[in-house]
file target-v5.cif (mmCIF, C-alpha atoms)
data_input
loop_
_atom_site.label_atom_id
_atom_site.label_comp_id
_atom_site.auth_asym_id
_atom_site.auth_seq_id
_atom_site.Cartn_x
_atom_site.Cartn_y
_atom_site.Cartn_z
CA MET A 1 22.99 13.63 0.05
CA HIS A 2 24.01 16.07 -2.65
CA THR A 3 22.09 19.31 -2.92
CA ILE A 4 19.85 19.26 -5.99
CA PHE A 5 17.96 21.87 -7.99
CA ALA A 6 15.46 21.91 -10.85
CA GLN A 7 12.73 23.98 -12.40
CA ALA A 8 9.45 22.91 -10.81
CA THR A 9 7.24 24.57 -13.43
CA ALA A 10 6.91 23.63 -17.09
CA ARG A 11 9.66 24.71 -19.46
CA GLY A 12 8.93 27.62 -21.76
CA LYS A 13 7.65 31.19 -21.41
CA ALA A 14 5.16 31.70 -18.59
CA GLY A 15 4.07 34.26 -16.02
CA VAL A 16 6.17 32.65 -13.29
CA ALA A 17 8.96 30.07 -13.31
CA ILE A 18 9.85 28.28 -10.07
CA ILE A 19 13.26 26.78 -9.29
CA ARG A 20 13.62 24.60 -6.19
CA ILE A 21 16.85 23.84 -4.37
CA SER A 22 16.95 21.06 -1.76
CA GLY A 23 19.71 19.59 0.37
CA PRO A 24 22.39 20.40 2.93
CA ASP A 25 23.82 23.30 0.87
CA ALA A 26 20.47 24.78 -0.22
CA VAL A 27 20.91 27.76 2.13
CA SER A 28 24.42 28.43 0.87
CA VAL A 29 23.25 28.31 -2.74
CA GLY A 30 20.35 30.63 -1.94
CA ARG A 31 22.63 33.12 -0.23
CA ALA A 32 25.07 33.03 -3.13
CA LEU A 33 22.29 34.29 -5.40
CA ALA A 34 20.00 36.32 -3.14
CA GLY A 35 22.14 37.42 -0.20
CA ASN A 36 20.20 37.12 3.03
CA LEU A 37 17.34 34.65 2.93
CA PRO A 38 13.96 35.25 4.60
CA ASP A 39 13.20 33.49 7.86
CA ALA A 40 11.96 29.89 7.65
CA GLY A 41 8.41 29.75 6.38
CA LYS A 42 8.55 33.33 5.14
CA SER A 43 9.00 34.92 1.71
CA ALA A 44 10.69 38.10 0.53
CA LEU A 45 11.61 39.90 -2.68
CA ARG A 46 15.30 39.66 -3.46
CA LEU A 47 17.56 40.65 -6.34
CA LEU A 48 19.32 37.58 -7.72
CA ARG A 49 22.90 38.05 -8.86
CA ASP A 50 25.49 35.79 -10.47
CA GLN A 51 29.07 35.44 -9.21
CA SER A 52 30.16 38.58 -11.06
CA GLY A 53 27.45 40.61 -9.33
CA MET A 54 25.27 41.04 -12.43
CA ILE A 55 21.55 41.22 -11.63
CA LEU A 56 19.63 38.27 -13.09
CA ASP A 57 16.11 38.96 -11.86
CA GLN A 58 14.00 40.22 -8.98
CA ALA A 59 12.46 37.09 -7.45
CA LEU A 60 10.22 36.05 -4.62
CA VAL A 61 12.41 33.87 -2.40
CA LEU A 62 11.03 31.34 0.08
CA PHE A 63 12.91 29.28 2.64
CA PHE A 64 11.67 26.05 4.23
CA GLU A 65 13.85 24.66 6.99
CA GLY A 66 14.12 20.89 7.22
CA PRO A 67 12.47 18.73 8.30
CA ALA A 68 9.45 21.01 7.87
CA SER A 69 9.60 20.93 4.07
CA PHE A 70 8.34 18.72 1.27
CA THR A 71 11.62 16.81 1.02
CA GLY A 72 12.44 16.93 4.73
CA GLU A 73 15.61 18.89 3.89
CA ASP A 74 16.37 22.60 3.76
CA VAL A 75 14.59 23.93 0.67
CA VAL A 76 14.99 27.29 -1.06
CA GLU A 77 12.43 28.23 -3.70
CA LEU A 78 13.01 30.98 -6.28
CA GLN A 79 9.89 32.33 -8.00
CA LEU A 80 11.17 34.08 -11.11
CA HIS A 81 9.63 36.05 -13.93
CA GLY A 82 8.85 33.29 -16.41
CA SER A 83 11.30 34.19 -19.14
CA VAL A 84 13.28 31.35 -20.70
CA ALA A 85 16.39 33.54 -20.64
CA ILE A 86 15.97 34.35 -16.93
CA THR A 87 15.48 30.70 -16.03
CA LYS A 88 18.59 29.65 -17.95
CA ALA A 89 20.67 32.41 -16.38
CA VAL A 90 19.61 31.51 -12.82
CA GLU A 91 20.26 27.80 -13.43
CA ALA A 92 23.71 28.67 -14.78
CA ALA A 93 24.42 30.75 -11.65
CA ILE A 94 23.40 27.84 -9.42
CA ARG A 95 25.74 25.49 -11.30
CA ALA A 96 28.54 28.03 -11.09
CA ALA A 97 28.25 28.08 -7.30
CA GLY A 98 29.47 24.46 -7.40
CA LEU A 99 27.28 23.33 -4.52
CA ALA A 100 24.32 21.70 -6.28
CA ARG A 101 23.60 19.43 -9.24
CA MET A 102 20.55 19.12 -11.48
CA ALA A 103 17.90 16.83 -9.99
CA GLU A 104 16.87 13.62 -11.67
CA ALA A 105 13.27 12.74 -12.49
CA GLY A 106 11.25 12.33 -9.29
CA GLU A 107 14.25 12.98 -7.04
CA PHE A 108 12.54 15.60 -4.86
CA THR A 109 9.70 13.17 -4.15
CA GLN A 110 12.15 10.33 -3.62
CA ARG A 111 13.86 12.36 -0.91
CA ALA A 112 10.47 12.99 0.69
CA LEU A 113 10.04 9.20 0.81
CA LEU A 114 13.50 8.54 2.21
CA ASN A 115 13.04 11.25 4.86
CA ASP A 116 9.63 9.85 5.95
CA ARG A 117 7.68 12.85 4.68
CA LEU A 118 5.66 10.56 2.41
CA ASP A 119 5.13 6.81 2.28
CA LEU A 120 5.19 4.78 -0.92
CA ALA A 121 1.41 4.81 -1.40
CA GLN A 122 1.38 8.60 -1.07
CA VAL A 123 4.16 8.84 -3.65
CA GLU A 124 2.02 6.83 -6.09
CA GLY A 125 -0.93 9.09 -5.27
CA LEU A 126 1.17 12.16 -6.04
CA GLY A 127 2.20 10.68 -9.39
CA ASP A 128 -1.46 10.02 -10.23
CA LEU A 129 -2.42 13.52 -9.08
CA ILE A 130 0.08 15.07 -11.48
CA GLU A 131 -1.32 12.98 -14.34
CA ALA A 132 -5.02 13.40 -13.46
CA GLU A 133 -7.15 14.52 -16.41
CA THR A 134 -10.67 14.30 -14.97
CA GLU A 135 -12.36 15.24 -11.71
CA ALA A 136 -12.80 11.63 -10.64
CA GLN A 137 -9.10 10.96 -11.19
CA ARG A 138 -8.19 14.11 -9.25
CA GLN A 139 -10.36 13.18 -6.28
CA GLN A 140 -9.10 9.60 -6.18
CA ALA A 141 -5.44 10.57 -6.53
CA PHE A 142 -5.70 13.26 -3.86
CA ALA A 143 -7.28 10.79 -1.43
CA VAL A 144 -4.29 8.45 -1.87
CA PHE A 145 -1.79 11.32 -1.70
CA SER A 146 -3.38 12.63 1.50
CA GLY A 147 -2.85 9.28 3.21
CA ALA A 148 -6.12 7.35 2.84
CA VAL A 149 -4.35 4.10 1.89
CA SER A 150 -1.83 4.59 4.68
CA GLU A 151 -4.53 5.15 7.31
CA LYS A 152 -6.39 1.98 6.35
CA THR A 153 -3.19 -0.03 6.20
CA GLU A 154 -2.15 1.16 9.66
CA ARG A 155 -5.52 0.11 11.08
CA TRP A 156 -5.32 -3.38 9.56
CA ARG A 157 -1.71 -3.67 10.64
CA ALA A 158 -2.57 -2.70 14.22
CA ASP A 159 -5.30 -5.35 14.36
CA LEU A 160 -2.95 -8.06 13.06
CA LEU A 161 -0.19 -7.03 15.44
CA ARG A 162 -2.70 -7.15 18.30
CA ALA A 163 -3.77 -10.64 17.26
CA ALA A 164 -0.17 -11.85 17.01
CA ALA A 165 0.65 -10.34 20.41
CA LEU A 166 -2.30 -12.12 22.03
CA LEU A 167 -1.25 -15.42 20.51
CA GLU A 168 2.37 -14.99 21.58
CA ALA A 169 1.32 -13.98 25.10
CA SER A 170 -0.69 -17.16 25.46
CA ILE A 171 2.32 -19.17 24.24
CA ASP A 172 5.16 -17.57 26.19
CA PHE A 173 3.48 -16.43 29.37
CA VAL A 174 0.92 -19.06 30.08
CA ASP A 175 1.55 -18.80 33.84
CA GLU A 176 1.41 -15.00 33.88
CA ASP A 177 -1.52 -12.66 34.26
CA VAL A 178 -2.80 -12.87 30.68
CA PRO A 179 -6.20 -13.72 29.24
CA VAL A 180 -6.98 -17.40 29.68
CA ASP A 181 -8.52 -17.74 26.22
CA VAL A 182 -7.38 -15.27 23.57
CA VAL A 183 -8.87 -17.19 20.65
CA PRO A 184 -12.27 -15.40 20.54
CA GLU A 185 -10.65 -11.96 20.32
CA VAL A 186 -8.11 -13.16 17.77
CA LYS A 187 -10.89 -14.65 15.64
CA ALA A 188 -12.80 -11.36 15.79
CA LEU A 189 -9.73 -9.40 14.73
CA PHE A 190 -9.02 -11.81 11.87
CA HIS A 191 -12.64 -11.67 10.71
CA ARG A 192 -12.75 -7.87 10.68
CA VAL A 193 -9.50 -7.48 8.76
CA ASP A 194 -10.40 -10.25 6.31
CA PHE A 195 -13.78 -8.64 5.56
CA GLU A 196 -12.27 -5.20 4.98
CA LEU A 197 -9.44 -6.57 2.82
CA GLY A 198 -11.96 -8.44 0.67
CA GLU A 199 -14.00 -5.28 0.11
CA GLU A 200 -10.88 -3.27 -0.67
CA ILE A 201 -9.65 -5.83 -3.21
CA GLN A 202 -13.03 -5.93 -4.93
CA GLY A 203 -13.31 -2.13 -5.07
CA SER A 204 -9.74 -1.72 -6.27
CA HIS A 205 -10.70 -2.90 -9.75
CA VAL A 206 -13.10 0.03 -10.15
CA ALA A 207 -10.52 2.38 -8.67
CA GLU A 208 -8.01 1.15 -11.22
CA ARG A 209 -10.50 1.93 -13.99
CA VAL A 210 -10.83 5.48 -12.70
CA ARG A 211 -7.07 5.72 -12.70
CA ASN A 212 -6.56 4.30 -16.22
CA GLY A 213 -9.93 5.04 -17.78
CA PHE A 214 -13.14 3.09 -18.46
CA GLU A 215 -13.66 1.51 -21.88
CA VAL A 216 -16.96 1.61 -23.79
CA ALA A 217 -17.22 -0.45 -26.99
CA ILE A 218 -19.50 0.72 -29.81
CA LEU A 219 -20.72 -2.38 -31.65
CA GLY A 220 -22.86 -3.07 -34.66
CA ALA A 221 -23.10 -4.34 -38.20
CA PRO A 222 -20.88 -2.93 -40.96
CA ASN A 223 -21.99 0.55 -42.03
CA ALA A 224 -24.17 1.00 -38.92
CA GLY A 225 -22.78 4.49 -38.26
CA LYS A 226 -20.25 3.56 -35.58
CA SER A 227 -17.41 5.64 -37.04
CA THR A 228 -19.68 8.63 -37.61
CA LEU A 229 -20.80 8.36 -34.00
CA ILE A 230 -17.24 8.11 -32.64
CA ASN A 231 -16.29 11.20 -34.67
CA ALA A 232 -19.26 13.07 -33.23
CA LEU A 233 -18.32 12.04 -29.69
CA ALA A 234 -14.70 13.09 -30.20
CA GLY A 235 -15.63 16.34 -31.91
CA ARG A 236 -13.23 15.64 -34.77
CA ASP A 237 -12.64 13.13 -37.55
CA ILE A 238 -10.63 10.30 -36.03
CA ALA A 239 -12.25 7.44 -37.96
CA ILE A 240 -12.75 7.08 -41.71
CA THR A 241 -16.41 7.08 -42.68
CA SER A 242 -17.68 5.65 -45.93
CA GLU A 243 -20.79 4.18 -47.47
CA VAL A 244 -18.68 1.10 -48.22
CA ALA A 245 -19.28 -1.52 -45.55
CA GLY A 246 -16.22 -2.83 -43.70
CA THR A 247 -14.17 0.40 -43.82
CA THR A 248 -13.08 0.10 -40.17
CA ARG A 249 -10.55 -2.72 -39.84
CA ASP A 250 -8.94 -1.94 -36.47
CA VAL A 251 -10.14 -0.61 -33.11
CA ILE A 252 -10.09 3.20 -33.02
CA GLU A 253 -10.12 4.97 -29.65
CA ALA A 254 -11.53 8.31 -28.53
CA ARG A 255 -10.80 9.40 -24.95
CA LEU A 256 -13.39 11.70 -23.38
CA ASP A 257 -14.25 13.26 -20.05
CA VAL A 258 -17.82 12.13 -19.34
CA GLU A 259 -19.13 14.02 -16.32
CA GLY A 260 -15.74 13.83 -14.62
CA LEU A 261 -15.04 10.20 -15.53
CA PRO A 262 -12.26 9.18 -17.95
CA VAL A 263 -13.90 7.15 -20.71
CA THR A 264 -12.35 5.70 -23.85
CA PHE A 265 -14.90 4.92 -26.57
CA LEU A 266 -13.92 2.12 -28.95
CA ASP A 267 -14.97 2.22 -32.61
CA THR A 268 -14.85 -1.42 -33.66
CA ALA A 269 -14.99 -3.19 -36.97
CA GLY A 270 -18.44 -4.08 -38.25
CA LEU A 271 -19.36 -7.53 -37.00
CA ARG A 272 -20.06 -9.95 -39.83
CA THR A 273 -18.79 -13.15 -41.42
CA THR A 274 -16.32 -12.30 -44.16
CA ASP A 275 -13.82 -13.94 -46.50
CA ASP A 276 -11.53 -10.90 -46.35
CA ARG A 277 -8.60 -11.99 -44.17
CA ILE A 278 -7.78 -8.49 -42.90
CA GLU A 279 -11.40 -7.65 -42.14
CA ARG A 280 -11.77 -11.00 -40.35
CA VAL A 281 -8.86 -10.08 -38.06
CA GLY A 282 -10.59 -6.75 -37.40
CA VAL A 283 -13.80 -8.54 -36.41
CA GLU A 284 -11.89 -10.84 -34.06
CA ARG A 285 -10.18 -7.86 -32.42
CA ALA A 286 -13.52 -6.08 -32.10
CA ILE A 287 -15.04 -9.02 -30.23
CA GLU A 288 -11.95 -9.37 -28.01
CA ARG A 289 -11.90 -5.69 -27.04
CA ALA A 290 -15.66 -5.64 -26.54
CA LEU A 291 -15.53 -8.56 -24.12
CA GLY A 292 -12.85 -6.74 -22.10
CA ALA A 293 -14.66 -3.40 -22.09
CA ASP A 294 -16.62 -2.01 -19.16
CA LEU A 295 -19.71 -1.30 -21.29
CA ARG A 296 -20.91 -2.53 -24.67
CA ILE A 297 -23.29 -0.31 -26.67
CA LEU A 298 -25.02 -1.85 -29.67
CA LEU A 299 -26.16 0.20 -32.68
CA GLU A 300 -29.15 -1.82 -33.87
CA THR A 301 -29.94 -2.24 -37.56
CA PRO A 302 -32.78 -4.24 -39.11
CA ASP A 303 -32.30 -7.97 -39.62
CA TRP A 304 -28.93 -8.15 -37.90
CA ILE A 305 -28.06 -10.28 -34.84
CA PRO A 306 -24.85 -9.85 -32.79
CA PRO A 307 -22.33 -12.73 -32.72
CA SER A 308 -23.09 -15.40 -30.14
CA ALA A 309 -20.03 -14.41 -28.05
CA LEU A 310 -21.59 -10.98 -27.47
CA ILE A 311 -25.32 -11.50 -27.63
CA ASP A 312 -25.69 -11.84 -23.85
CA ARG A 313 -23.08 -9.20 -23.05
CA ILE A 314 -24.73 -6.12 -24.58
CA ASP A 315 -25.42 -3.47 -21.91
CA VAL A 316 -27.71 -1.21 -23.97
CA ALA A 317 -28.92 -0.92 -27.55
CA PHE A 318 -29.76 2.19 -29.56
CA ARG A 319 -31.39 2.24 -32.97
CA ALA A 320 -28.66 3.09 -35.47
CA LYS A 321 -28.82 6.01 -37.94
CA ALA A 322 -31.91 7.57 -36.39
CA ASP A 323 -31.66 10.39 -38.95
CA LEU A 324 -32.38 7.88 -41.74
CA PHE A 325 -34.54 5.23 -40.08
CA GLY A 326 -36.54 7.61 -37.86
CA GLY A 327 -37.84 7.05 -34.34
CA ASP A 328 -35.83 7.00 -31.14
CA GLY A 329 -32.19 6.16 -31.56
CA VAL A 330 -28.82 7.73 -32.09
CA SER A 331 -27.22 9.48 -35.03
CA GLY A 332 -23.66 10.67 -35.29
CA ALA A 333 -24.58 12.67 -38.38
CA THR A 334 -27.19 14.89 -36.67
CA GLY A 335 -26.30 14.41 -32.99
CA GLN A 336 -29.69 12.91 -32.17
CA GLY A 337 -29.61 10.69 -29.09
CA ILE A 338 -25.98 11.38 -28.24
CA ASP A 339 -26.93 13.12 -24.98
CA ASP A 340 -29.01 10.07 -23.99
CA LEU A 341 -26.11 7.75 -24.82
CA LEU A 342 -23.64 9.78 -22.74
CA ALA A 343 -26.14 10.00 -19.87
CA PHE A 344 -26.47 6.21 -19.86
CA VAL A 345 -22.69 5.80 -19.80
CA ALA A 346 -22.28 8.35 -16.99
CA ASP A 347 -25.10 6.91 -14.86
CA THR A 348 -23.95 3.29 -15.28
CA LEU A 349 -20.33 4.01 -14.47
CA ALA A 350 -21.34 6.24 -11.55
CA ASP A 351 -23.29 3.29 -10.09
CA ARG A 352 -20.15 1.16 -10.30
CA MET A 353 -18.21 3.92 -8.56
CA SER A 354 -20.26 3.24 -5.43
CA SER A 355 -18.09 0.16 -4.81
CA ILE A 356 -14.83 2.04 -5.24
CA ARG A 357 -12.18 1.81 -2.54
CA THR A 358 -8.87 3.55 -1.94
CA VAL A 359 -6.30 1.10 -3.32
CA VAL A 360 -5.68 1.89 -6.98
CA SER A 361 -2.45 0.32 -8.28
CA ASP A 362 -1.57 -3.25 -9.18
CA ARG A 363 1.29 -3.15 -6.68
CA GLN A 364 -1.00 -2.13 -3.84
CA ARG A 365 -3.63 -4.70 -4.77
CA GLU A 366 -1.01 -7.46 -4.89
CA GLY A 367 0.01 -6.53 -1.35
CA LEU A 368 -3.61 -6.85 -0.23
CA VAL A 369 -4.02 -10.20 -1.98
CA ARG A 370 -0.88 -11.61 -0.33
CA ALA A 371 -1.93 -10.29 3.07
CA ARG A 372 -5.39 -11.79 2.75
CA ALA A 373 -4.04 -15.15 1.63
CA ASP A 374 -1.93 -15.44 4.79
CA LEU A 375 -4.79 -14.15 6.91
CA ILE A 376 -7.20 -16.75 5.52
CA LEU A 377 -4.64 -19.45 6.23
CA ALA A 378 -4.18 -18.15 9.78
CA ARG A 379 -7.97 -18.21 10.34
CA ASP A 380 -8.19 -21.74 8.98
CA LEU A 381 -5.36 -22.96 11.20
CA LEU A 382 -6.91 -21.31 14.23
CA ASN A 383 -10.28 -22.95 13.52
CA ARG A 384 -8.53 -26.32 13.25
CA GLU A 385 -6.80 -25.68 16.60
CA ALA A 386 -3.33 -25.79 15.06
CA GLU A 387 -0.22 -24.71 16.94
CA LEU A 388 -0.59 -21.05 17.91
CA GLU A 389 3.02 -20.34 16.87
CA ILE A 390 2.11 -21.18 13.27
CA VAL A 391 -1.03 -19.03 13.41
CA ALA A 392 0.98 -16.10 14.78
CA GLU A 393 3.59 -16.53 12.05
CA HIS A 394 0.99 -16.22 9.29
CA ALA A 395 -0.42 -13.13 11.00
CA ARG A 396 3.07 -11.64 10.89
CA LEU A 397 3.45 -12.56 7.22
CA ALA A 398 0.16 -10.78 6.49
CA THR A 399 1.46 -7.74 8.35
CA GLY A 400 4.63 -7.80 6.24
CA SER A 401 2.57 -7.73 3.03
CA LEU A 402 0.69 -4.69 4.31
CA ASP A 403 4.01 -3.05 5.19
CA SER A 404 5.15 -3.49 1.58
CA MET A 405 2.16 -1.45 0.39
CA ILE A 406 3.33 1.69 2.15
CA GLY A 407 7.04 1.12 1.70
CA ARG A 408 8.21 -0.21 5.05
CA VAL A 409 9.78 -3.26 3.42
CA ASP A 410 10.70 -4.59 -0.04
CA VAL A 411 10.48 -1.31 -1.95
CA GLU A 412 13.83 -1.02 -3.69
CA ASP A 413 12.76 -3.04 -6.73
CA VAL A 414 9.70 -0.84 -7.44
CA LEU A 415 11.20 2.61 -6.86
CA GLY A 416 12.66 2.91 -10.34
CA GLU A 417 9.36 2.11 -12.00
CA ILE A 418 7.41 4.51 -9.81
CA PHE A 419 9.75 7.48 -10.14
CA SER A 420 10.17 7.03 -13.88
CA ARG A 421 6.68 8.54 -14.21
CA PHE A 422 7.73 11.77 -12.48
CA CYS A 423 9.08 14.84 -14.24
CA ILE A 424 12.32 16.55 -13.25
CA GLY A 425 11.56 19.09 -10.53
CA LYS A 426 8.99 16.97 -8.69
#

call {"tool": "encode", "arguments": {"input": "target-v5.cif", "output": "structure tokens"}}
result
Amino acid sequence: MHTIFAQATARGKAGVAIIRISGPDAVSVGRALAGNLPDAGKSALRLLRDQSGMILDQALVLFFEGPASFTGEDVVELQLHGSVAITKAVEAAIRAAGLARMAEAGEFTQRALLNDRLDLAQVEGLGDLIEAETEAQRQQAFAVFSGAVSEKTERWRADLLRAAALLEASIDFVDEDVPVDVVPEVKALFHRVDFELGEEIQGSHVAERVRNGFEVAILGAPNAGKSTLINALAGRDIAITSEVAGTTRDVIEARLDVEGLPVTFLDTAGLRTTDDRIERVGVERAIERALGADLRILLETPDWIPPSALIDRIDVAFRAKADLFGGDGVSGATGQGIDDLLAFVADTLADRMSSIRTVVSDRQREGLVRARADLILARDLLNREAELEIVAEHARLATGSLDSMIGRVDVEDVLGEIFSRFCIGK
């Protein structure tokens, strides 16, 4: 592979700027700039010079010898003073050495994958960790990055391989010293893996919500104070408020961190029958988004009933415009009841988090679904006393689907999509 380099910290002025160099010529590039490098795993201050001998900066230089590095290759890291001019000068000196090229987006992590420093699930976890905005997202992404998906997958895989080996032993070595009846153990292995896969698939939907954010729809009649409430939640004016009913025509979103959970609140059009074609489209969109949301909060007003499509789907109701109508309720204008509303959202979503599992992406969940489908078929065939060769084959197919989750097989077509989310230098 070519030696690559890139700035690993954000562009612009900062206290420190880090440039990483990885590949077979990383040591040569480092020596061209810094002279002698520190021992592997050590750091040292060095003056960096260009080819003419001009001093560029005094930097902290680190050397990681492959395979004991992030990429599995020799890696030299230059921690510079975070001046834009210094960073540009050092990058120009690296190019001038003629031994390294600028890295592409995600290329450092891709090399970690290719050199077996990370598996594909860990790569996805790292991407999520970089993009995490809330504490729940950080915790979930770090669990995947640290190998939680991989550990579970290896356990399921080992059970399925054990089951297939027992079946094959009973087929090929019937006269040898093997268990006379392997079916009970195989059934137990199939049952255990099937149960755990089912739980993981079910919990993956909540995990995906943590990854992408929960949605909470604010519903009510026209002029019930929904837009005023969404502005109060967001802390800024993102929705137009007016005394004229029907002002909101489209769904307006406000993304918040609610006690560590990513939550997008949806300000929807007032729900009523109308002859206005544009407003009618807004009402239809409001109902559609509300039905797909994780929670639906109703702002109650006198003598108004929700549409039939939603009437049994409301999770909680608060009296609207409590500042005008009095009593318990919520008011975006004064802030009354907002803490109670947020507490309800946090508590309800936290309860759902109890079912969360490790698998978070669509790609990982699809691997689980395929594996479970073959496993269920294998169990059914075994119960019907079908040919053991066929049962073993479906166990192997299930194992192959699990292998695809962590990148052992069939990964080339998803690499581009995964690494497109990474920045250059990671």

call {"tool": "resolve_selection", "arguments": {"input": "target-v5.cif", "expression": "the PyMOL selection byres ((chain A and resi 136) around 8)", "output": "number ranges by chain"}}
result
A: 134-135, 137-140, 210, 260-262

call {"tool": "atom_distance", "arguments": {"input": "target-v5.cif", "atom1": "CA of Val149 (chain A)", "atom2": "CA of Ala163 (chain A)"}}
result
21.3 Å

call {"tool": "closest_residue", "arguments": {"input": "target-v5.cif", "among": "A:Ala68, A:Ala232, A:Ala373, A:Ala14", "to": "Ala40 (chain A)", "atoms": "all atoms listed in the file"}}
result
A:Ala68

call {"tool": "resolve_selection", "arguments": {"input": "target-v5.cif", "expression": "the PyMOL selection byres ((chain A and resi 356) around 8)", "output": "PyMOL selection string"}}
result
chain A and resi 203-207+352-355+357-358

call {"tool": "write_last_selection", "arguments": {"input": "target-v5.cif", "atoms": "C-alpha atoms", "output": "PDB file, keeping the file's coordinate frame"}}
result
ATOM      1  CA  GLY A 203     -13.310  -2.130  -5.070  1.00  0.00           C
ATOM      2  CA  SER A 204      -9.740  -1.720  -6.270  1.00  0.00           C
ATOM      3  CA  HIS A 205     -10.700  -2.900  -9.750  1.00  0.00           C
ATOM      4  CA  VAL A 206     -13.100   0.030 -10.150  1.00  0.00           C
ATOM      5  CA  ALA A 207     -10.520   2.380  -8.670  1.00  0.00           C
ATOM      6  CA  ARG A 352     -20.150   1.160 -10.300  1.00  0.00           C
ATOM      7  CA  MET A 353     -18.210   3.920  -8.560  1.00  0.00           C
ATOM      8  CA  SER A 354     -20.260   3.240  -5.430  1.00  0.00           C
ATOM      9  CA  SER A 355     -18.090   0.160  -4.810  1.00  0.00           C
ATOM     10  CA  ARG A 357     -12.180   1.810  -2.540  1.00  0.00           C
ATOM     11  CA  THR A 358      -8.870   3.550  -1.940  1.00  0.00           C
TER      12      THR A 358
END

call {"tool": "residues_around", "arguments": {"input": "target-v5.cif", "residues": "Val193 (chain A)", "least_positions_apart": "4", "cutoff": "12 Å", "atoms": "only C-alpha atoms", "output": "PyMOL selection string"}}
result
chain A and resi 152-163+186-189+197-200+368+371-376+378-379+395+398-399+402

call {"tool": "atom_distance", "arguments": {"input": "target-v5.cif", "atom1": "CA of Phe108 (chain A)", "atom2": "CA of Arg365 (chain A)"}}
result
26.0 Å

call {"tool": "closest_residue", "arguments": {"input": "target-v5.cif", "among": "A:Leu120, A:Ala293, A:Ile287, A:Ile390", "to": "Ala309 (chain A)", "atoms": "all atoms listed in the file"}}
result
A:Ile287

call {"tool": "closest_residue", "arguments": {"input": "target-v5.cif", "among": "A:Ile424, A:Leu80, A:Ala32, A:Ala346", "to": "Lys13 (chain A)", "atoms": "all atoms listed in the file"}}
result
A:Leu80

call {"tool": "resolve_selection", "arguments": {"input": "target-v5.cif", "expression": "the PyMOL selection byres ((chain A and resi 7) around 12)", "output": "ChimeraX atom specification"}}
result
/A:4-6,8-12,16-22,77-80,82,84,86-88,90-91,94,102-105,108,423-426

call {"tool": "atom_distance", "arguments": {"input": "target-v5.cif", "atom1": "CA of Asp403 (chain A)", "atom2": "CA of Leu167 (chain A)"}}
result
20.4 Å

call {"tool": "closest_residue", "arguments": {"input": "target-v5.cif", "among": "A:Met54, A:Ala34, A:Ala44, A:Val369", "to": "Ile201 (chain A)", "atoms": "all atoms listed in the file"}}
result
A:Val369

call {"tool": "residues_around", "arguments": {"input": "target-v5.cif", "residues": "Glu288 (chain A)", "least_positions_apart": "6", "cutoff": "12 Å", "atoms": "all atoms listed in the file", "output": "NGL selection string"}}
result
:A and (217 or 219 or 250-251 or 266 or 268-269 or 271 or 281-282 or 296 or 307 or 309-310)

call {"tool": "residues_around", "arguments": {"input": "target-v5.cif", "residues": "Val123 (chain A)", "least_positions_apart": "4", "cutoff": "10 Å", "atoms": "only C-alpha atoms", "output": "CSV table (one decimal) with C-alpha atoms, in the coordinates of the input"}}
result
chain,number,residue,atom,x,y,z
A,106,GLY,CA,11.2,12.3,-9.3
A,109,THR,CA,9.7,13.2,-4.2
A,110,GLN,CA,12.2,10.3,-3.6
A,112,ALA,CA,10.5,13.0,0.7
A,113,LEU,CA,10.0,9.2,0.8
A,117,ARG,CA,7.7,12.8,4.7
A,118,LEU,CA,5.7,10.6,2.4
A,119,ASP,CA,5.1,6.8,2.3
A,127,GLY,CA,2.2,10.7,-9.4
A,128,ASP,CA,-1.5,10.0,-10.2
A,129,LEU,CA,-2.4,13.5,-9.1
A,144,VAL,CA,-4.3,8.4,-1.9
A,145,PHE,CA,-1.8,11.3,-1.7
A,146,SER,CA,-3.4,12.6,1.5
A,147,GLY,CA,-2.8,9.3,3.2
A,406,ILE,CA,3.3,1.7,2.2
A,407,GLY,CA,7.0,1.1,1.7
A,415,LEU,CA,11.2,2.6,-6.9
A,418,ILE,CA,7.4,4.5,-9.8
A,419,PHE,CA,9.8,7.5,-10.1
A,422,PHE,CA,7.7,11.8,-12.5

call {"tool": "closest_residue", "arguments": {"input": "target-v5.cif", "among": "A:Ile218, A:Ala26, A:Val360, A:Ala386", "to": "Ile297 (chain A)", "atoms": "only C-alpha atoms"}}
result
A:Ile218

call {"tool": "closest_atom_pairs", "arguments": {"input": "target-v5.cif", "of": "region 202-227 of chain A", "to": "region 320-337 of chain A", "cutoff": "12 Å", "atoms": "all atoms listed in the file", "output": "tab-separated table"}}
result
residue	atom	partner	partner_atom	distance
A:Ile218	CA	A:Ala320	CA	11.0
A:Leu219	CA	A:Ala320	CA	10.4
A:Gly220	CA	A:Ala320	CA	8.5
A:Ala221	CA	A:Ala320	CA	9.7
A:Pro222	CA	A:Ala320	CA	11.3
A:Asn223	CA	A:Lys321	CA	9.7
A:Ala224	CA	A:Ala320	CA	6.0
A:Gly225	CA	A:Lys321	CA	6.2
A:Lys226	CA	A:Gly332	CA	7.9
A:Ser227	CA	A:Gly332	CA	8.2
